[in-house]
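**Q** Take a look at start_19.pdb, PDB, C-alpha atoms:
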ATOM      1  CA  MET B   1       0.000   0.000   0.000
ATOM      2  CA  PRO B   2       1.205   3.571  -0.646
ATOM      3  CA  ALA B   3       2.866   5.510   2.172
ATOM      4  CA  VAL B   4       0.771   8.352   3.567
ATOM      5  CA  PRO B   5       2.918  11.190   4.974
ATOM      6  CA  PRO B   6       1.931  12.798   8.294
ATOM      7  CA  ASP B   7      -0.524  15.667   7.955
ATOM      8  CA  CYS B   8      -1.227  14.674   4.378
ATOM      9  CA  ALA B   9      -3.334  17.417   2.802
ATOM     10  CA  THR B  10      -3.493  16.596  -0.913
ATOM     11  CA  PHE B  11      -3.960  13.579  -3.125
ATOM     12  CA  GLN B  12      -0.784  14.474  -5.040
ATOM     13  CA  GLN B  13       1.354  14.043  -1.902
ATOM     14  CA  VAL B  14       0.594  10.331  -2.024
ATOM     15  CA  PHE B  15       0.341   9.886  -5.774
ATOM     16  CA  PRO B  16       2.693  12.494  -7.314
ATOM     17  CA  GLN B  17       2.768  10.761 -10.678
ATOM     18  CA  PRO B  18      -0.233   9.613 -12.751
ATOM     19  CA  ALA B  19      -0.672   5.896 -12.291
ATOM     20  CA  ASP B  20      -3.269   3.171 -12.195
ATOM     21  CA  ILE B  21      -4.734   3.468  -8.721
ATOM     22  CA  SER B  22      -6.718   0.523  -7.375
ATOM     23  CA  ARG B  23      -9.892   0.855  -5.329
ATOM     24  CA  SER B  24      -8.178  -0.736  -2.336
ATOM     25  CA  GLN B  25      -5.276   1.748  -2.542
ATOM     26  CA  LEU B  26      -7.635   4.708  -2.688
ATOM     27  CA  ASP B  27      -9.698   3.457   0.268
ATOM     28  CA  PHE B  28      -6.527   2.763   2.277
ATOM     29  CA  VAL B  29      -5.224   6.300   1.715
ATOM     30  CA  LEU B  30      -8.601   7.833   2.505
ATOM     31  CA  LYS B  31      -8.872   5.954   5.795
ATOM     32  CA  GLU B  32      -5.381   7.097   6.755
ATOM     33  CA  VAL B  33      -6.202  10.721   5.937
ATOM     34  CA  VAL B  34      -9.518  10.555   7.824
ATOM     35  CA  THR B  35      -7.676   9.162  10.859
ATOM     36  CA  GLN B  36      -4.975  11.840  10.634
ATOM     37  CA  SER B  37      -7.348  14.751  10.148
ATOM     38  CA  LYS B  38      -9.692  13.760  12.992
ATOM     39  CA  ASP B  39     -11.488  17.021  13.799
ATOM     40  CA  ASN B  40      -9.476  19.047  11.296
ATOM     41  CA  VAL B  41     -12.221  19.341   8.692
ATOM     42  CA  GLU B  42     -10.277  21.800   6.560
ATOM     43  CA  THR B  43      -7.518  19.248   5.911
ATOM     44  CA  LEU B  44     -10.044  16.588   4.954
ATOM     45  CA  VAL B  45     -11.909  19.006   2.675
ATOM     46  CA  LYS B  46      -8.639  19.984   0.987
ATOM     47  CA  PHE B  47      -7.639  16.368   0.416
ATOM     48  CA  VAL B  48     -11.023  15.320  -0.982
ATOM     49  CA  SER B  49     -11.075  18.383  -3.248
ATOM     50  CA  SER B  50      -7.662  17.429  -4.650
ATOM     51  CA  ILE B  51      -8.810  13.975  -5.803
ATOM     52  CA  PRO B  52      -8.997  13.876  -9.624
ATOM     53  CA  PRO B  53     -12.567  14.097 -11.006
ATOM     54  CA  GLU B  54     -12.269  10.716 -12.727
ATOM     55  CA  LEU B  55     -11.895   9.107  -9.286
ATOM     56  CA  SER B  56     -14.657  11.103  -7.589
ATOM     57  CA  GLY B  57     -17.126   8.223  -7.327
ATOM     58  CA  VAL B  58     -14.951   5.180  -7.815
ATOM     59  CA  THR B  59     -15.445   3.704  -4.314
ATOM     60  CA  GLU B  60     -18.254   3.718  -1.773
ATOM     61  CA  TYR B  61     -15.890   4.805   0.981
ATOM     62  CA  LEU B  62     -14.908   7.887  -1.020
ATOM     63  CA  LEU B  63     -18.588   8.737  -1.533
ATOM     64  CA  ALA B  64     -19.201   8.320   2.206
ATOM     65  CA  VAL B  65     -16.256  10.591   3.053
ATOM     66  CA  LYS B  66     -17.506  13.203   0.572
ATOM     67  CA  ALA B  67     -20.944  13.061   2.213
ATOM     68  CA  MET B  68     -19.328  13.566   5.618
ATOM     69  CA  VAL B  69     -17.315  16.524   4.295
ATOM     70  CA  HIS B  70     -20.463  18.129   2.888
ATOM     71  CA  TYR B  71     -22.208  17.592   6.227
ATOM     72  CA  LYS B  72     -19.382  19.322   8.110
ATOM     73  CA  ALA B  73     -19.667  22.176   5.622
ATOM     74  CA  LYS B  74     -23.446  22.308   6.191
ATOM     75  CA  ASP B  75     -24.092  21.432   2.535
ATOM     76  CA  TYR B  76     -27.045  19.258   3.505
ATOM     77  CA  LEU B  77     -28.571  18.983   0.030
ATOM     78  CA  GLU B  78     -25.315  17.499  -1.254
ATOM     79  CA  VAL B  79     -25.389  14.957   1.589
ATOM     80  CA  PHE B  80     -28.914  13.893   0.656
ATOM     81  CA  ASP B  81     -27.970  13.631  -3.019
ATOM     82  CA  ILE B  82     -24.932  11.419  -2.364
ATOM     83  CA  LEU B  83     -26.754   9.085   0.017
ATOM     84  CA  GLU B  84     -29.860   8.768  -2.160
ATOM     85  CA  SER B  85     -28.199   8.516  -5.560
ATOM     86  CA  ASN B  86     -25.641   5.811  -4.821
ATOM     87  CA  ARG B  87     -26.317   2.250  -3.729
ATOM     88  CA  PHE B  88     -24.084   1.281  -0.783
ATOM     89  CA  THR B  89     -23.456  -2.470  -0.588
ATOM     90  CA  GLU B  90     -19.808  -2.737   0.474
ATOM     91  CA  ILE B  91     -19.611  -0.575   3.595
ATOM     92  CA  PRO B  92     -21.714  -0.652   6.811
ATOM     93  CA  TRP B  93     -25.028   1.183   6.692
ATOM     94  CA  GLU B  94     -25.093   2.326  10.324
ATOM     95  CA  PRO B  95     -22.802   5.392  10.026
ATOM     96  CA  LEU B  96     -24.540   6.380   6.783
ATOM     97  CA  GLN B  97     -27.942   6.116   8.454
ATOM     98  CA  ARG B  98     -26.726   8.297  11.322
ATOM     99  CA  LEU B  99     -25.394  10.803   8.806
ATOM    100  CA  TRP B 100     -28.716  10.798   6.918
ATOM    101  CA  PHE B 101     -30.770  11.643  10.008
ATOM    102  CA  ASP B 102     -28.225  14.075  11.468
ATOM    103  CA  ALA B 103     -28.248  16.000   8.191
ATOM    104  CA  ARG B 104     -32.054  15.895   8.064
ATOM    105  CA  TYR B 105     -32.320  17.188  11.638
ATOM    106  CA  ASP B 106     -29.846  20.011  11.039
ATOM    107  CA  TYR B 107     -31.442  21.000   7.734
ATOM    108  CA  GLU B 108     -34.903  21.078   9.315
ATOM    109  CA  ALA B 109     -33.552  23.145  12.214
ATOM    110  CA  VAL B 110     -32.217  25.679   9.713
ATOM    111  CA  VAL B 111     -35.566  25.789   7.904
ATOM    112  CA  LYS B 112     -37.510  26.220  11.159
ATOM    113  CA  GLY B 113     -34.982  28.585  12.654
ATOM    114  CA  ARG B 114     -34.849  26.752  15.972
ATOM    115  CA  LYS B 115     -33.474  23.668  17.693
ATOM    116  CA  LEU B 116     -35.514  20.510  17.168
ATOM    117  CA  GLY B 117     -37.122  18.634  20.050
ATOM    118  CA  ALA B 118     -37.838  14.896  20.266
ATOM    119  CA  VAL B 119     -41.250  15.268  18.618
ATOM    120  CA  ASP B 120     -39.772  17.318  15.799
ATOM    121  CA  LYS B 121     -37.134  14.668  15.147
ATOM    122  CA  TYR B 122     -39.758  11.938  15.156
ATOM    123  CA  ARG B 123     -41.709  13.842  12.505
ATOM    124  CA  VAL B 124     -38.559  14.290  10.430
ATOM    125  CA  ARG B 125     -37.909  10.545  10.495
ATOM    126  CA  LYS B 126     -41.493   9.828   9.458
ATOM    127  CA  LYS B 127     -41.342  12.396   6.655
ATOM    128  CA  TYR B 128     -37.883  11.396   5.424
ATOM    129  CA  PRO B 129     -37.417   7.642   5.928
ATOM    130  CA  LEU B 130     -34.115   5.971   5.141
ATOM    131  CA  PRO B 131     -33.499   5.708   1.389
ATOM    132  CA  LEU B 132     -33.189   2.234  -0.116
ATOM    133  CA  SER B 133     -29.538   2.973  -0.865
ATOM    134  CA  ILE B 134     -28.663   2.590   2.846
ATOM    135  CA  SER B 135     -31.473   0.375   4.165
ATOM    136  CA  ASP B 136     -33.434  -2.796   3.450
ATOM    137  CA  GLY B 137     -36.671  -0.907   2.838
ATOM    138  CA  SER B 138     -38.189  -1.674   6.253
ATOM    139  CA  ASN B 139     -37.039   1.694   7.669
ATOM    140  CA  THR B 140     -35.470  -0.199  10.557
ATOM    141  CA  CYS B 141     -32.401   1.680  11.763
ATOM    142  CA  LEU B 142     -29.206  -0.038  12.852
ATOM    143  CA  PHE B 143     -29.044   2.250  15.877
ATOM    144  CA  GLY B 144     -31.489   3.478  18.499
ATOM    145  CA  VAL B 145     -33.573   6.184  16.829
ATOM    146  CA  ASN B 146     -36.572   3.887  16.575
ATOM    147  CA  ARG B 147     -36.882   3.387  20.311
ATOM    148  CA  ASP B 148     -39.323   6.255  20.739
ATOM    149  CA  LEU B 149     -41.736   4.473  18.374
ATOM    150  CA  PHE B 150     -42.402   1.997  21.178
ATOM    151  CA  THR B 151     -44.814   4.204  23.102
ATOM    152  CA  PRO B 152     -46.735   2.838  26.119
ATOM    153  CA  GLN B 153     -49.720   2.201  23.859
ATOM    154  CA  VAL B 154     -47.616   0.266  21.350
ATOM    155  CA  ARG B 155     -45.956  -1.729  24.111
ATOM    156  CA  ARG B 156     -49.398  -2.585  25.519
ATOM    157  CA  ILE B 157     -50.465  -3.977  22.145
ATOM    158  CA  LEU B 158     -47.307  -6.074  21.923
ATOM    159  CA  TRP B 159     -47.662  -7.388  25.475
ATOM    160  CA  ASP B 160     -51.334  -8.240  25.015
ATOM    161  CA  HIS B 161     -50.497 -10.387  22.003
ATOM    162  CA  TYR B 162     -47.423 -11.864  23.682
ATOM    163  CA  HIS B 163     -49.441 -13.087  26.653
ATOM    164  CA  ARG B 164     -51.787 -14.863  24.228
ATOM    165  CA  GLU B 165     -49.207 -16.168  21.773
ATOM    166  CA  LYS B 166     -45.460 -16.082  22.268
ATOM    167  CA  PHE B 167     -44.791 -17.464  18.769
ATOM    168  CA  PRO B 168     -47.149 -15.558  16.432
ATOM    169  CA  ASP B 169     -47.251 -16.671  12.814
ATOM    170  CA  THR B 170     -46.625 -14.366   9.870
ATOM    171  CA  SER B 171     -50.253 -13.335   9.421
ATOM    172  CA  LEU B 172     -50.570 -12.369  13.099
ATOM    173  CA  LYS B 173     -47.319 -10.402  12.972
ATOM    174  CA  ILE B 174     -48.634  -8.471   9.981
ATOM    175  CA  LEU B 175     -51.833  -7.720  11.905
ATOM    176  CA  ILE B 176     -49.855  -6.564  14.952
ATOM    177  CA  ALA B 177     -47.697  -4.350  12.739
ATOM    178  CA  LYS B 178     -50.774  -2.687  11.230
ATOM    179  CA  THR B 179     -52.374  -2.218  14.643
ATOM    180  CA  SER B 180     -49.262  -0.826  16.332
ATOM    181  CA  GLY B 181     -47.844   1.227  13.471
ATOM    182  CA  LEU B 182     -44.554  -0.679  13.605
ATOM    183  CA  THR B 183     -42.916  -2.478  10.697
ATOM    184  CA  PHE B 184     -43.082  -6.248  10.325
ATOM    185  CA  ALA B 185     -39.357  -6.452  11.109
ATOM    186  CA  GLN B 186     -39.781  -4.438  14.316
ATOM    187  CA  VAL B 187     -42.623  -6.681  15.499
ATOM    188  CA  ASN B 188     -40.635  -9.800  14.628
ATOM    189  CA  ASN B 189     -37.549  -8.531  16.483
ATOM    190  CA  TRP B 190     -39.570  -7.498  19.545
ATOM    191  CA  PHE B 191     -41.066 -10.984  19.955
ATOM    192  CA  LYS B 192     -37.707 -12.646  19.393
ATOM    193  CA  ASN B 193     -35.964 -10.403  21.944
ATOM    194  CA  ARG B 194     -38.824 -10.786  24.451
ATOM    195  CA  ARG B 195     -38.641 -14.584  24.304
ATOM    196  CA  GLN B 196     -34.869 -14.456  24.743
ATOM    197  CA  ARG B 197     -35.165 -12.207  27.808
ATOM    198  CA  ASP B 198     -37.756 -14.544  29.327
ATOM    199  CA  ARG B 199     -35.482 -17.549  28.774
ATOM    200  CA  MET B 200     -32.549 -15.741  30.379
ATOM    201  CA  ALA B 201     -34.674 -14.745  33.374
ATOM    202  CA  MET B 202     -35.929 -18.310  33.770
ATOM    203  CA  ASN B 203     -32.413 -19.749  33.597
ATOM    204  CA  LYS B 204     -31.200 -17.258  36.180
ATOM    205  CA  LYS B 205     -34.081 -18.205  38.479
ATOM    206  CA  ARG B 206     -33.210 -21.895  38.171
ATOM    207  CA  VAL B 207     -29.593 -21.195  39.096
ATOM    208  CA  MET B 208     -30.662 -19.132  42.124
ATOM    209  CA  ASN B 209     -33.005 -21.886  43.280
ATOM    210  CA  LYS B 210     -30.105 -24.384  43.284
ATOM    211  CA  LEU B 211     -27.977 -22.222  45.530
TER     212      LEU B 211
END
Output the file's structure in the form of structure tokens.
**A**
Amino acid sequence: MPAVPPDCATFQQVFPQPADISRSQLDFVLKEVVTQSKDNVETLVKFVSSIPPELSGVTEYLLAVKAMVHYKAKDYLEVFDILESNRFTEIPWEPLQRLWFDARYDYEAVVKGRKLGAVDKYRVRKKYPLPLSISDGSNTCLFGVNRDLFTPQVRRILWDHYHREKFPDTSLKILIAKTSGLTFAQVNNWFKNRRQRDRMAMNKKRVMNKL
């Protein structure tokens, strides 16, 4: 892999001569520069800007870094365009999903002229669900922004069904999803996690009883 000098600020410092650059080489250099720059956004912006146009969209990691740079620069529309227009299949979705919602929150705060509260953010997520480019279409996040969807009323619906049937079939899960406003995946995961917690509690009780 190419050597990345300390405080590297331009693409040409690593690749001074035109050459065939592989995707893995480009991603390696980018990761090194991101690590070096840390909170120094100006250095990262300078490096990304120095990358030749023909390489501007050659890897998913480069696209993700460009989206992050635009977010730091408060160019929210560019962030949305990058995340919506490119299918990400090689890098984890979680940081991209966080970036999507963070940019949506900040953009909405600018439009409204005030800081967003929890209800505002909930409405933003409902209005601007995750694009298919960084999700499986179920709008299930890989981090905790969906927790506030499980309101006391929704939890009551889930518990009522759980007490009647701990292993609901597909048709019942679909019905529960429609009734609660959750997705099928969220209902499925809730039942699976609930059964696992019950098993763990039961096993712990058995161990305590033997002591």
**Q** Counting all atoms listed in the file, figure out which residue out of B:Ile134, B:Leu30, B:Val41, B:Val14 gets nearest to B:Glu90.
**A**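 Looking at the shortest contact to B:Glu90, the residue is B:Ile134.
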**Q** Which residue gives the smallest distance to B:Glu60 among B:Ser37, B:Asn193, B:Ser24, B:Gln13, with only C-alpha atoms counted?
**A** B:Ser24
**Q** Please determine, counting only C-alpha atoms, which residue among B:Lys31, B:Lys115, B:Arg98, B:Lys46 has the shortest atom-to-atom distance to B:Thr10.
**A**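 Result for the nearest residue to B:Thr10: B:Lys46.
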**Q** Measure the distance from atom CA of B:Lys166 to atom CA of B:Phe191 in Å and round it to one decimal.
**A**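 These atoms are spaced 7.1 Å apart.
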**Q** Restricting the calculation to all atoms listed in the file: of B:Val110, B:Leu130, B:Phe80, B:Thr183, which residue gets closest to B:Glu94?
**A**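 Ranking B:Val110, B:Leu130, B:Phe80, B:Thr183 by distance to B:Glu94, first place goes to B:Leu130.
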**Q** Could you expand the PyMOL selection byres ((chain B and resi 131) around 12) into the explicit residues it covers here, written as a list in words?
**A**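 Output from the PyMOL selection byres ((chain B and resi 131) around 12), applied to this file: Phe80, Asp81, Ile82, Leu83, Glu84, Ser85, Asn86, Arg87, Phe88, Trp93, Leu96, Gln97, Trp100, Phe101, Arg125, Lys127, Tyr128, Pro129, Leu130, Leu132, Ser133, Ile134, Ser135, Asp136, Gly137, Ser138, Asn139, Thr140 and Cys141 of chain B.
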**Q** Stretch 78-91 of chain B, all listed atoms, 6 Å padding on each side: what axis-aligned box centre and edge lengths in Å to one decimal come out, as AutoDock Vina command-line options?
**A**
--center_x -24.7 --center_y 7.4 --center_z -1.0 --size_x 22.2 --size_y 32.2 --size_z 21.2
**Q** Which residues come within 8 Å of B:Val124, counting only C-alpha atoms, excluding same-chain residues fewer than 5 positions away, as a list in words?
**A**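 Non-adjacent residues within range: Arg104, Tyr105 and Glu108 of chain B.
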**Q** Just the selected residues (C-alpha atoms), exported as a PDB file, in the frame of the given file, please.
**A**
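Done, and the output landed in part05.pdb:
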ATOM      1  CA  ARG B 104     -32.054  15.895   8.064  1.00  0.00           C
ATOM      2  CA  TYR B 105     -32.320  17.188  11.638  1.00  0.00           C
ATOM      3  CA  GLU B 108     -34.903  21.078   9.315  1.00  0.00           C
TER       4      GLU B 108
END
